[in-house]
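Trainee: Sharing final.json, JSON, C-alpha atoms:
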```json
[["chain", "number", "residue", "atom", "x", "y", "z"],
["B", 197, "MET", "CA", 17.87, 1.80, -15.78],
["B", 198, "LYS", "CA", 14.89, 4.05, -14.96],
["B", 199, "THR", "CA", 13.10, 3.65, -11.63],
["B", 200, "GLY", "CA", 9.65, 5.04, -10.96],
["B", 201, "LEU", "CA", 9.15, 6.70, -7.58],
["B", 202, "ILE", "CA", 5.45, 6.97, -6.95],
["B", 203, "THR", "CA", 4.20, 9.14, -4.10],
["B", 204, "SER", "CA", 1.87, 12.00, -3.27],
["B", 205, "ASP", "CA", 1.66, 14.66, -0.59],
["B", 206, "THR", "CA", -1.58, 13.22, 0.81],
["B", 207, "TYR", "CA", 0.37, 10.88, 3.13],
["B", 208, "GLN", "CA", 1.15, 13.99, 5.20],
["B", 209, "ASN", "CA", -2.56, 14.42, 5.98],
["B", 210, "HIS", "CA", -2.93, 10.91, 7.41],
["B", 211, "ASN", "CA", -2.79, 11.98, 11.05],
["B", 212, "THR", "CA", -2.37, 9.11, 13.50],
["B", 213, "GLY", "CA", -2.04, 11.28, 16.60],
["B", 214, "GLU", "CA", 0.75, 12.44, 18.85],
["B", 215, "GLY", "CA", 3.25, 9.72, 19.73],
["B", 216, "HIS", "CA", 1.89, 7.10, 17.32],
["B", 217, "PRO", "CA", 4.76, 5.15, 15.70],
["B", 218, "GLU", "CA", 3.20, 5.23, 12.20],
["B", 219, "LYS", "CA", 3.87, 8.88, 11.49],
["B", 220, "ILE", "CA", 4.62, 11.30, 8.66],
["B", 221, "ASP", "CA", 8.39, 11.10, 9.23],
["B", 222, "ARG", "CA", 8.44, 7.49, 8.00],
["B", 223, "VAL", "CA", 7.80, 8.62, 4.43],
["B", 224, "THR", "CA", 9.18, 12.15, 4.59],
["B", 225, "ALA", "CA", 12.67, 10.83, 5.46],
["B", 226, "VAL", "CA", 12.63, 8.51, 2.44],
["B", 227, "ILE", "CA", 11.41, 11.21, 0.04],
["B", 228, "ASP", "CA", 13.90, 13.79, 1.33],
["B", 229, "ASN", "CA", 16.76, 11.36, 0.75],
["B", 230, "PHE", "CA", 15.60, 10.58, -2.78],
["B", 231, "LYS", "CA", 15.40, 14.32, -3.53],
["B", 232, "ARG", "CA", 19.04, 14.73, -2.48],
["B", 233, "LEU", "CA", 20.14, 12.16, -5.06],
["B", 234, "ASP", "CA", 19.22, 14.29, -8.10],
["B", 235, "ASN", "CA", 19.27, 11.06, -10.09],
["B", 236, "LYS", "CA", 18.28, 11.37, -13.76],
["B", 237, "ASN", "CA", 17.15, 7.73, -13.74],
["B", 238, "LEU", "CA", 14.51, 8.42, -11.11],
["B", 239, "ILE", "CA", 11.09, 9.23, -12.56],
["B", 240, "TRP", "CA", 8.75, 10.90, -10.06],
["B", 241, "LYS", "CA", 5.05, 10.13, -10.55],
["B", 242, "LYS", "CA", 1.85, 10.78, -8.68],
["B", 243, "PRO", "CA", -0.67, 7.97, -8.16],
["B", 244, "THR", "CA", -3.55, 7.72, -10.57],
["B", 245, "LYS", "CA", -7.16, 7.12, -9.67],
["B", 246, "PHE", "CA", -8.15, 3.47, -9.90],
["B", 247, "ASP", "CA", -11.27, 1.46, -10.47],
["B", 248, "GLN", "CA", -12.85, 0.41, -7.16],
["B", 249, "SER", "CA", -13.27, -3.12, -8.50],
["B", 250, "PHE", "CA", -9.55, -3.75, -7.96],
["B", 251, "LEU", "CA", -10.00, -3.00, -4.27],
["B", 252, "ILE", "CA", -13.00, -5.36, -4.10],
["B", 253, "ASN", "CA", -10.85, -8.20, -5.49],
["B", 254, "THR", "CA", -8.73, -7.95, -2.34],
["B", 255, "HIS", "CA", -11.06, -6.78, 0.43],
["B", 256, "SER", "CA", -14.69, -7.59, 1.06],
["B", 257, "SER", "CA", -17.25, -5.00, -0.02],
["B", 258, "GLU", "CA", -18.51, -4.89, 3.59],
["B", 259, "TYR", "CA", -15.04, -3.98, 4.83],
["B", 260, "ILE", "CA", -14.55, -1.35, 2.11],
["B", 261, "ASP", "CA", -17.91, 0.16, 3.09],
["B", 262, "LEU", "CA", -16.89, 0.17, 6.78],
["B", 263, "VAL", "CA", -13.62, 1.94, 5.96],
["B", 264, "SER", "CA", -15.31, 4.54, 3.76],
["B", 265, "LYS", "CA", -17.71, 5.41, 6.60],
["B", 266, "SER", "CA", -14.95, 5.54, 9.24],
["B", 267, "PHE", "CA", -13.10, 8.70, 8.17],
["B", 268, "PRO", "CA", -14.10, 11.38, 10.69],
["B", 269, "GLU", "CA", -14.84, 14.98, 9.77],
["B", 270, "ASN", "CA", -12.67, 16.08, 12.70],
["B", 271, "GLY", "CA", -10.25, 14.40, 15.07],
["B", 272, "LEU", "CA", -9.30, 10.75, 15.03],
["B", 273, "ALA", "CA", -11.17, 7.45, 14.77],
["B", 274, "PHE", "CA", -9.91, 3.92, 15.39],
["B", 275, "LEU", "CA", -10.44, 0.94, 13.09],
["B", 276, "ASP", "CA", -8.71, -1.21, 15.72],
["B", 277, "GLY", "CA", -6.49, -0.51, 18.73],
["B", 278, "ASP", "CA", -3.51, 0.45, 16.53],
["B", 279, "THR", "CA", -5.07, 1.65, 13.29],
["B", 280, "VAL", "CA", -6.04, 5.31, 13.38],
["B", 281, "VAL", "CA", -7.78, 7.38, 10.72],
["B", 282, "SER", "CA", -8.28, 11.11, 10.44],
["B", 283, "PRO", "CA", -10.04, 13.32, 7.87],
["B", 284, "GLY", "CA", -6.89, 13.30, 5.68],
["B", 285, "SER", "CA", -6.62, 9.52, 5.79],
["B", 286, "LYS", "CA", -9.26, 9.10, 3.09],
["B", 287, "ASP", "CA", -7.12, 10.59, 0.30],
["B", 288, "ALA", "CA", -3.88, 9.11, 1.69],
["B", 289, "THR", "CA", -5.43, 5.64, 1.71],
["B", 290, "LYS", "CA", -6.65, 5.97, -1.89],
["B", 291, "ASP", "CA", -3.27, 7.32, -3.01],
["B", 292, "ALA", "CA", -1.41, 4.48, -1.30],
["B", 293, "VAL", "CA", -3.41, 1.94, -3.31],
["B", 294, "GLY", "CA", -3.25, 4.13, -6.45],
["B", 295, "SER", "CA", 0.55, 4.30, -6.15],
["B", 296, "ILE", "CA", 0.86, 0.52, -6.41],
["B", 297, "ILE", "CA", -1.37, 0.44, -9.48],
["B", 298, "THR", "CA", 0.53, 3.36, -11.07],
["B", 299, "ALA", "CA", 3.83, 1.56, -10.41],
["B", 300, "ILE", "CA", 2.56, -1.65, -12.01],
["B", 301, "ASP", "CA", 1.21, 0.17, -15.06],
["B", 302, "GLY", "CA", 4.51, 2.07, -15.42],
["B", 303, "VAL", "CA", 6.56, -1.14, -15.40],
["B", 304, "GLN", "CA", 4.13, -2.97, -17.68],
["B", 305, "ASN", "CA", 4.12, -0.06, -20.16],
["B", 306, "LYS", "CA", 7.94, 0.15, -19.98],
["B", 307, "ASP", "CA", 7.90, 3.73, -18.67],
["B", 308, "PHE", "CA", 10.49, 2.49, -16.16],
["B", 309, "LYS", "CA", 12.18, -0.80, -15.30],
["B", 310, "ASN", "CA", 11.12, -0.96, -11.65],
["B", 311, "ALA", "CA", 9.34, 1.16, -9.07],
["B", 312, "PHE", "CA", 9.32, 2.22, -5.44],
["B", 313, "CYS", "CA", 6.17, 3.48, -3.74],
["B", 314, "ALA", "CA", 6.69, 5.86, -0.82],
["B", 315, "VAL", "CA", 3.26, 5.73, 0.79],
["B", 316, "ARG", "CA", 1.34, 5.63, 3.99],
["B", 317, "PRO", "CA", -0.72, 4.19, 5.47],
["B", 318, "PRO", "CA", 1.15, 0.90, 5.09],
["B", 319, "GLY", "CA", -0.69, -2.27, 4.15],
["B", 320, "HIS", "CA", 0.73, -5.71, 4.94],
["B", 321, "HIS", "CA", -1.23, -6.25, 8.17],
["B", 322, "ALA", "CA", -4.64, -5.43, 6.63],
["B", 323, "GLU", "CA", -6.63, -8.62, 6.18],
["B", 324, "LYS", "CA", -9.50, -9.23, 3.78],
["B", 325, "ASP", "CA", -12.10, -8.09, 6.30],
["B", 326, "LYS", "CA", -10.27, -5.97, 8.87],
["B", 327, "ALA", "CA", -7.70, -3.30, 9.55],
["B", 328, "MET", "CA", -4.75, -4.19, 11.70],
["B", 329, "GLY", "CA", -1.34, -2.91, 12.74],
["B", 330, "PHE", "CA", -1.66, 0.62, 11.26],
["B", 331, "CYS", "CA", -2.82, -0.82, 7.91],
["B", 332, "ILE", "CA", -6.14, 0.05, 6.27],
["B", 333, "TYR", "CA", -5.94, -1.51, 2.81],
["B", 334, "ASN", "CA", -3.39, -4.11, 1.80],
["B", 335, "ASN", "CA", -1.73, -2.13, -0.99],
["B", 336, "VAL", "CA", 0.59, -4.90, -2.17],
["B", 337, "ALA", "CA", -2.20, -7.47, -2.17],
["B", 338, "VAL", "CA", -4.28, -5.12, -4.33],
["B", 339, "GLY", "CA", -1.28, -4.88, -6.66],
["B", 340, "ALA", "CA", -0.89, -8.66, -6.90],
["B", 341, "ASN", "CA", -4.57, -9.07, -7.72],
["B", 342, "TYR", "CA", -4.25, -6.24, -10.26],
["B", 343, "LEU", "CA", -1.42, -8.09, -12.02],
["B", 344, "ILE", "CA", -3.51, -11.26, -12.13],
["B", 345, "GLU", "CA", -6.70, -9.55, -13.27],
["B", 346, "LYS", "CA", -5.54, -6.83, -15.66],
["B", 347, "TYR", "CA", -2.26, -8.26, -16.97],
["B", 348, "LYS", "CA", -3.28, -11.93, -16.76],
["B", 349, "TYR", "CA", -0.29, -13.06, -14.71],
["B", 350, "ASN", "CA", -0.46, -16.74, -13.79],
["B", 351, "LYS", "CA", 1.95, -16.41, -10.87],
["B", 352, "VAL", "CA", 2.94, -13.50, -8.62],
["B", 353, "ALA", "CA", 5.52, -13.57, -5.81],
["B", 354, "ILE", "CA", 5.40, -11.21, -2.85],
["B", 355, "ILE", "CA", 8.56, -11.04, -0.76],
["B", 356, "ASP", "CA", 7.86, -9.16, 2.45],
["B", 357, "PHE", "CA", 10.92, -8.14, 4.45],
["B", 358, "ASP", "CA", 9.93, -6.34, 7.62],
["B", 359, "VAL", "CA", 10.49, -6.81, 11.33],
["B", 360, "HIS", "CA", 6.80, -7.86, 11.52],
["B", 361, "HIS", "CA", 5.03, -10.72, 9.80],
["B", 362, "GLY", "CA", 2.71, -9.56, 7.01],
["B", 363, "ASN", "CA", -0.21, -11.51, 8.41],
["B", 364, "GLY", "CA", -2.74, -9.63, 6.29],
["B", 365, "THR", "CA", -1.07, -10.57, 3.03],
["B", 366, "GLN", "CA", -0.82, -14.17, 4.20],
["B", 367, "ASP", "CA", -4.51, -14.12, 5.15],
["B", 368, "ILE", "CA", -5.58, -12.78, 1.77],
["B", 369, "PHE", "CA", -3.54, -15.23, -0.33],
["B", 370, "TYR", "CA", -3.37, -18.31, 1.91],
["B", 371, "ASN", "CA", -5.47, -20.46, -0.46],
["B", 372, "ASN", "CA", -4.51, -18.73, -3.71],
["B", 373, "GLU", "CA", -2.19, -20.87, -5.83],
["B", 374, "LYS", "CA", -1.37, -17.92, -8.08],
["B", 375, "VAL", "CA", 0.40, -15.99, -5.32],
["B", 376, "LEU", "CA", 3.55, -17.08, -3.51],
["B", 377, "TYR", "CA", 3.92, -15.14, -0.28],
["B", 378, "ILE", "CA", 7.27, -15.11, 1.53],
["B", 379, "SER", "CA", 7.76, -13.19, 4.77],
["B", 380, "THR", "CA", 11.03, -12.66, 6.58],
["B", 381, "HIS", "CA", 10.41, -11.22, 10.02],
["B", 382, "GLN", "CA", 11.61, -11.21, 13.58],
["B", 383, "TYR", "CA", 10.35, -13.99, 15.81],
["B", 384, "PRO", "CA", 9.54, -13.68, 18.66]]
```
In structure tokens, write the structure found in this file.
Mentor:
Amino acid sequence: MKTGLITSDTYQNHNTGEGHPEKIDRVTAVIDNFKRLDNKNLIWKKPTKFDQSFLINTHSSEYIDLVSKSFPENGLAFLDGDTVVSPGSKDATKDAVGSIITAIDGVQNKDFKNAFCAVRPPGHHAEKDKAMGFCIYNNVAVGANYLIEKYKYNKVAIIDFDVHHGNGTQDIFYNNEKVLYISTHQYP
């Protein structure tokens, strides 16, 4: 069974500042371990560029415009108290979303049976209209909408297992009967 591993080096340029918990090591450790496997069933792919309309199906155009204007030329900027962007965040953010779309296309086209996307910034806290909890765009939500729009799926399930609740994904799909969202998380 072939598995697609979709990632790019741009995640390394998403600088969140010294001591921030959402850091390069989160993805580098995963990629380094995959490289040690030397598994012939692992297909490495880079994210493809995607049509901006798929982002607009998940986030408001006002929010997308705010994000696009927030990437500083130097230093760091904050979208909220936890969500930091730097000059390199622009490409990392696009590649994180592009990785999900590349993974979906690869599975749909039978290039591989399943996929894993090693990306940052993460996404499940990003709501329709705001960044939150280190997340800029809700990558998985974009993917679910992509499956519904491009591949005409009637139902999509998102199972989110993380120590934190994926409040952004819940926010985006709360009234959408086509998406079942399940979150397992620590409480309190």
Trainee: With only C-alpha atoms as the counted atoms, please give the residues lying no more than 9 Å from Asp276 (chain B), apart from itself and same-chain residues fewer than 3 positions off, as a CSV table (one decimal) with C-alpha atoms, in the coordinates of the input.
Mentor:
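Resulting contents of around-v2.csv:
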```
chain,number,residue,atom,x,y,z
B,279,THR,CA,-5.1,1.6,13.3
B,280,VAL,CA,-6.0,5.3,13.4
B,326,LYS,CA,-10.3,-6.0,8.9
B,327,ALA,CA,-7.7,-3.3,9.6
B,328,MET,CA,-4.8,-4.2,11.7
B,329,GLY,CA,-1.3,-2.9,12.7
B,330,PHE,CA,-1.7,0.6,11.3
```
Trainee: Could you tell me how far CA of Thr224 (chain B) lies from CA of Thr206 (chain B), in Å and to one decimal?
Mentor: 11.5 Å
Trainee: Which is closer to Phe246 (chain B) than all the others in B:Val338, B:Val263, B:Ala273, B:Ala311, using only C-alpha atoms?
Mentor: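 Going through B:Val338, B:Val263, B:Ala273, B:Ala311 one by one, the smallest distance to Phe246 (chain B) is for B:Val338.
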Trainee: Please tell me which residues are no farther than 9 Å from (5.2, -10.9, -6.9) in the file, counting all atoms listed in the file, and write them as an MDAnalysis selection string.
Mentor: chainID B and resid 336 339:340 343 351:355 375:377
Trainee: Any chance you could export the current selection's C-alpha atoms as a PDB file, keeping the file's coordinate frame?
Mentor:
```
ATOM      1  CA  VAL B 336       0.590  -4.900  -2.170  1.00  0.00           C
ATOM      2  CA  GLY B 339      -1.280  -4.880  -6.660  1.00  0.00           C
ATOM      3  CA  ALA B 340      -0.890  -8.660  -6.900  1.00  0.00           C
ATOM      4  CA  LEU B 343      -1.420  -8.090 -12.020  1.00  0.00           C
ATOM      5  CA  LYS B 351       1.950 -16.410 -10.870  1.00  0.00           C
ATOM      6  CA  VAL B 352       2.940 -13.500  -8.620  1.00  0.00           C
ATOM      7  CA  ALA B 353       5.520 -13.570  -5.810  1.00  0.00           C
ATOM      8  CA  ILE B 354       5.400 -11.210  -2.850  1.00  0.00           C
ATOM      9  CA  ILE B 355       8.560 -11.040  -0.760  1.00  0.00           C
ATOM     10  CA  VAL B 375       0.400 -15.990  -5.320  1.00  0.00           C
ATOM     11  CA  LEU B 376       3.550 -17.080  -3.510  1.00  0.00           C
ATOM     12  CA  TYR B 377       3.920 -15.140  -0.280  1.00  0.00           C
TER      13      TYR B 377
END
```
Trainee: Could you check which residues have any atom within 9 Å of (6.0, -0.2, -9.8), counting all atoms listed in the file with coordinates taken straight from the file, and then list them as a list in words?
Mentor: Thr199, Gly200, Leu201, Ile202, Ser295, Ile296, Ile297, Thr298, Ala299, Ile300, Asp301, Gly302, Val303, Gln304, Phe308, Lys309, Asn310, Ala311, Phe312 and Cys313 of chain B
Trainee: What's the 9 Å shell around Leu251 (chain B), counting only C-alpha atoms, without same-chain residues fewer than 6 positions away, as a count of residues only?
Mentor: 8
Trainee: Could you give me, as an mmCIF file with C-alpha atoms, in the coordinates of the input, the residues within 10 Å of region 231-236 of chain B, counting only C-alpha atoms and dropping anything in the same chain fewer than 5 positions from it?
Mentor:
```
data_model
loop_
_atom_site.group_PDB
_atom_site.id
_atom_site.type_symbol
_atom_site.label_atom_id
_atom_site.label_comp_id
_atom_site.auth_asym_id
_atom_site.auth_seq_id
_atom_site.Cartn_x
_atom_site.Cartn_y
_atom_site.Cartn_z
ATOM 1 C CA MET B 197 17.870 1.800 -15.780
ATOM 2 C CA LYS B 198 14.890 4.050 -14.960
ATOM 3 C CA THR B 199 13.100 3.650 -11.630
ATOM 4 C CA VAL B 226 12.630 8.510 2.440
#
```
Trainee: Go through B:Leu238, B:Ile227, B:Leu272, B:Val359 and flag the residue nearest Glu214 (chain B), using all atoms listed in the file for the distances.
Mentor: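 Among the listed residues, B:Leu272 lies closest to Glu214 (chain B).
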Trainee: Please, what distance in Å, to one decimal, runs between CA of Lys348 (chain B) and CA of Gly319 (chain B)?
Mentor: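 Straight-line distance from CA of Lys348 (chain B) to CA of Gly319 (chain B) works out to 23.2 Å.
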Trainee: For CA of Gly362 (chain B) and CA of His320 (chain B), determine how far apart the two atoms are, in Å to one decimal place.
Mentor: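 Between CA of Gly362 (chain B) and CA of His320 (chain B) the gap works out to 4.8 Å.
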Trainee: Have a look at B:Lys265, B:His210, B:Arg222, B:Lys242 and name the one nearest to Gly284 (chain B); count only C-alpha atoms.
Mentor: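 Of all the options, B:His210 lies closest to Gly284 (chain B).
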Trainee: Restricting the calculation to only C-alpha atoms: of B:Ile239, B:Ile368, B:Cys331, B:Ala292, which residue gets closest to Val315 (chain B)?
Mentor: B:Ala292
